[in-house]
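K.L.:
Provided herewith is a single structure, encoded as structure tokens, for subsequent inquiry.
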Amino acid sequence: MKNLLLITALLWSCLSFSKVIVVSDIDDTIKETNTMSPTGKIYYFLRNKPFKHMSAIYRELDSFYKSSGEDIEFFYVSAAPDFIFNQQKFLRKYRFPMGKTFLKKISSPETYAYKYLTIKQILEANYNEGDTVIFLGDNSEHDPAVYVDITNNLNLENAEILVRDVSTQATNLASGLGIKRLPGVQYFFSEMELAEAPVMHFLSNKTLGSIAKDYKAKSLVPSFTLKTLETRLEKKLNCKDRSCKRYAEKKAKKIFGNYYLKYSL
């Protein structure tokens with residue numbers, strides 16, 4: 001009996017050292033920023049509006065692992081300038097799990113290098129073999145490449161990479177536009193696909209129902225993403241006149257409409 005108790009204690013001790021590390025972008029991942037638009041993103045940087053369901057998803061992610069007896073830590077790494085965004089205030093206001101936040105300084109390198117080096121330092125200081133790392137970001141800039149490179153270069157065995165398709169290039173919205181994906185990345189166009197990711201199996205019926213309700217109302221995806229798709233179509237069609245641009249606008253709206261027919265709820 002003593003031996004059994006000793007073995008149990010040792011096993012529990014080993015298990016207790018494993019933890020979950022969440023590395024999350026902010027802009028266009030949990031906050032509507034419109035980084036695909038050089039002019040529009042200035043307004044959205046200042047507006048500080050979160051994606052409606054992400055706070056609930058992050059809180060349930062936090063509570064699920066804590067209730068399972070695992071430690072979980074959140075790190076928010078954004079390329080937003082640190083002098084225009086109070087990230088801690090944003091997290092508190094919209095009830096995201098609190099964690100250390102990192103924003104670019106004037107002296108920081110370009111976005112890929114800044115994010116790669118920052119996340120590498122975070123993991124080197126906090127990651128232990130057996131830990132699970134969950135990356136959340138978007139494909140407006142470099143998140144997919146940074147997360148894949150970090151995973152490969154640090155030999156992370158238990159890593160999940162979830163990326164919001166704000167560029168409209170990764171989730172095959174329409175044939176003929178081309179798809180840009182990186183292997184090992186799970187892309188989601190809205191929280192409907194995010195909820196389908198195996199790592200999100202714990203989501204409550206309340207959150208799933210709220211997501212489904214907004215899907216039915218066709219309000220899950222920000223309107224500025226429709227403009228991003230429209231701009232892609234204009235480039236694809238090499239539009240030079242108003243009639244071509246009107247056609248691109250009409251086609252983009254049809255593609256969006258088809259997305260909201262994808263799921264039968």
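All residue names refer to the structure tokens as shown: chains lettered A, B, ... in order, residues numbered from 1 in each chain, ligands numbered from 1 in order.
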Please give the complete set of residues from region 3-240 of chain A that DSSP, run on the backbone, assigns to alpha helix (DSSP H), formatted as a PyMOL selection string.
P.N.:
chain A and resi 3-17+40-47+54-67+87-93+111-126+143-153+191-196+205-216+223-237
K.L.:
Would you list the contacts of region 233-242 of chain A as a PyMOL selection string, taking every protein, DNA or RNA residue within 12 Å and counting only C-alpha atoms, but skipping same-chain residues closer than 2 positions in sequence?
P.N.:
chain A and resi 168-169+173-178+226-231+244-253+255
K.L.:
Between A:Ala80, A:Val221, A:Val20, A:Ala56, which has the minimum distance to Val166 (chain A) (counting only C-alpha atoms)?
P.N.:
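Closest to Val166 (chain A), using only C-alpha atoms: A:Val221.
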K.L.:
For Ile211 (chain A), please output as a PyMOL selection string all residues within 9 Å (counting only C-alpha atoms; exclusion window: fewer than 5 positions along the same chain).
P.N.:
chain A and resi 52-53+191-192+195+206+216+220
K.L.:
Please identify all polymer residues within 10 Å of region 132-140 of chain A, counting only C-alpha atoms, omitting same-chain residues fewer than 2 positions from it, and present them as a PyMOL selection string.
P.N.:
chain A and resi 18-30+34-37+72-78+123+127-130+142-148+151+156-170+180-181+185-189+199
K.L.:
Create the file for the chosen residues now, containing C-alpha atoms and written as a PDB file, in the first residue's frame.
P.N.:
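Contents of again_11.pdb, freshly written:
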ATOM      1  CA  SER A  18       3.136  20.102 -17.002  1.00  0.00           C
ATOM      2  CA  LYS A  19       1.227  23.220 -17.927  1.00  0.00           C
ATOM      3  CA  VAL A  20      -0.470  25.003 -20.796  1.00  0.00           C
ATOM      4  CA  ILE A  21       1.072  28.118 -22.320  1.00  0.00           C
ATOM      5  CA  VAL A  22      -1.184  30.306 -24.452  1.00  0.00           C
ATOM      6  CA  VAL A  23       0.577  32.737 -26.792  1.00  0.00           C
ATOM      7  CA  SER A  24      -1.937  35.092 -28.362  1.00  0.00           C
ATOM      8  CA  ASP A  25      -1.797  37.978 -30.768  1.00  0.00           C
ATOM      9  CA  ILE A  26      -4.186  40.863 -30.053  1.00  0.00           C
ATOM     10  CA  ASP A  27      -4.996  42.827 -33.208  1.00  0.00           C
ATOM     11  CA  ASP A  28      -7.312  40.969 -35.607  1.00  0.00           C
ATOM     12  CA  THR A  29      -7.121  37.920 -33.335  1.00  0.00           C
ATOM     13  CA  ILE A  30      -9.075  38.998 -30.270  1.00  0.00           C
ATOM     14  CA  ASN A  34      -8.553  45.847 -39.751  1.00  0.00           C
ATOM     15  CA  THR A  35      -4.795  45.543 -40.233  1.00  0.00           C
ATOM     16  CA  MET A  36      -5.376  44.591 -43.870  1.00  0.00           C
ATOM     17  CA  SER A  37      -6.284  48.234 -44.538  1.00  0.00           C
ATOM     18  CA  ILE A  72      -2.202  27.725 -17.596  1.00  0.00           C
ATOM     19  CA  GLU A  73      -0.409  30.956 -18.457  1.00  0.00           C
ATOM     20  CA  PHE A  74      -1.381  33.595 -21.023  1.00  0.00           C
ATOM     21  CA  PHE A  75       1.069  35.763 -22.949  1.00  0.00           C
ATOM     22  CA  TYR A  76      -0.209  38.422 -25.344  1.00  0.00           C
ATOM     23  CA  VAL A  77       2.268  39.472 -28.047  1.00  0.00           C
ATOM     24  CA  SER A  78       1.199  42.224 -30.435  1.00  0.00           C
ATOM     25  CA  LEU A 123       9.074  30.017 -24.170  1.00  0.00           C
ATOM     26  CA  TYR A 127       8.371  26.142 -21.351  1.00  0.00           C
ATOM     27  CA  ASN A 128       9.292  22.708 -20.027  1.00  0.00           C
ATOM     28  CA  GLU A 129       9.207  19.388 -21.835  1.00  0.00           C
ATOM     29  CA  GLY A 130       5.676  18.008 -21.739  1.00  0.00           C
ATOM     30  CA  HIS A 142       3.476  37.123 -39.949  1.00  0.00           C
ATOM     31  CA  ASP A 143       1.745  35.108 -37.209  1.00  0.00           C
ATOM     32  CA  PRO A 144       1.518  31.789 -39.131  1.00  0.00           C
ATOM     33  CA  ALA A 145       5.197  31.851 -40.144  1.00  0.00           C
ATOM     34  CA  VAL A 146       6.352  32.927 -36.673  1.00  0.00           C
ATOM     35  CA  TYR A 147       4.342  30.210 -34.926  1.00  0.00           C
ATOM     36  CA  VAL A 148       5.417  27.455 -37.335  1.00  0.00           C
ATOM     37  CA  THR A 151       7.345  25.256 -33.129  1.00  0.00           C
ATOM     38  CA  LEU A 156       7.657  21.834 -29.426  1.00  0.00           C
ATOM     39  CA  GLU A 157       5.983  18.436 -29.262  1.00  0.00           C
ATOM     40  CA  ASN A 158       2.552  19.572 -28.060  1.00  0.00           C
ATOM     41  CA  ALA A 159       1.721  22.704 -30.020  1.00  0.00           C
ATOM     42  CA  GLU A 160      -1.545  23.900 -31.524  1.00  0.00           C
ATOM     43  CA  ILE A 161      -1.554  26.765 -34.035  1.00  0.00           C
ATOM     44  CA  LEU A 162      -4.890  28.517 -34.635  1.00  0.00           C
ATOM     45  CA  VAL A 163      -5.007  31.433 -37.095  1.00  0.00           C
ATOM     46  CA  ARG A 164      -7.878  33.741 -38.040  1.00  0.00           C
ATOM     47  CA  ASP A 165      -8.124  34.156 -41.818  1.00  0.00           C
ATOM     48  CA  VAL A 166      -8.520  37.939 -41.982  1.00  0.00           C
ATOM     49  CA  SER A 167      -6.750  38.041 -45.358  1.00  0.00           C
ATOM     50  CA  THR A 168      -9.509  35.764 -46.808  1.00  0.00           C
ATOM     51  CA  GLN A 169      -6.748  33.667 -48.413  1.00  0.00           C
ATOM     52  CA  ALA A 170      -6.635  30.522 -46.296  1.00  0.00           C
ATOM     53  CA  LYS A 180      -2.253  30.491 -49.010  1.00  0.00           C
ATOM     54  CA  ARG A 181      -1.704  28.150 -46.077  1.00  0.00           C
ATOM     55  CA  VAL A 185      -1.746  25.615 -39.038  1.00  0.00           C
ATOM     56  CA  GLN A 186      -5.468  25.373 -38.322  1.00  0.00           C
ATOM     57  CA  TYR A 187      -7.165  28.337 -40.012  1.00  0.00           C
ATOM     58  CA  PHE A 188     -10.575  29.706 -39.075  1.00  0.00           C
ATOM     59  CA  PHE A 189     -12.625  32.322 -40.897  1.00  0.00           C
ATOM     60  CA  VAL A 199      -8.328  21.726 -28.854  1.00  0.00           C
TER      61      VAL A 199
END
K.L.:
Within region 135-200 of chain A, find each residue whose DSSP state, derived from the backbone, is strand (DSSP E or B), and express the selection as a PyMOL selection string.
P.N.:
chain A and resi 135-138+159-164+186-188
K.L.:
Kindly save the residues from that selection, with C-alpha atoms included, as an mmCIF file, in the first residue's frame.
P.N.:
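Okay, selection37.cif is ready:
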data_model
loop_
_atom_site.group_PDB
_atom_site.id
_atom_site.type_symbol
_atom_site.label_atom_id
_atom_site.label_comp_id
_atom_site.auth_asym_id
_atom_site.auth_seq_id
_atom_site.Cartn_x
_atom_site.Cartn_y
_atom_site.Cartn_z
ATOM 1 C CA PHE A 135 -0.761 29.745 -30.410
ATOM 2 C CA LEU A 136 -3.570 32.056 -31.531
ATOM 3 C CA GLY A 137 -3.103 34.691 -34.220
ATOM 4 C CA ASP A 138 -4.178 35.914 -37.633
ATOM 5 C CA ALA A 159 1.721 22.704 -30.020
ATOM 6 C CA GLU A 160 -1.545 23.900 -31.524
ATOM 7 C CA ILE A 161 -1.554 26.765 -34.035
ATOM 8 C CA LEU A 162 -4.890 28.517 -34.635
ATOM 9 C CA VAL A 163 -5.007 31.433 -37.095
ATOM 10 C CA ARG A 164 -7.878 33.741 -38.040
ATOM 11 C CA GLN A 186 -5.468 25.373 -38.322
ATOM 12 C CA TYR A 187 -7.165 28.337 -40.012
ATOM 13 C CA PHE A 188 -10.575 29.706 -39.075
#
K.L.:
Need to verify the contact set: region 57-65 of chain A, 8 Å, only C-alpha atoms, exclusion of same-chain residues closer than 4 positions in sequence. Can you return it as a ChimeraX atom specification?
P.N.:
/A:20,53,69-72,95-97,200,202-204,207
K.L.:
Let me make sure I understand: among A:Leu182, A:Ala212, A:Leu265, A:Ile119, which one has the smallest atom-to-atom distance to Leu103 (chain A) if we use only C-alpha atoms?
P.N.:
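Ranking A:Leu182, A:Ala212, A:Leu265, A:Ile119 by distance to Leu103 (chain A), first place goes to A:Ile119.
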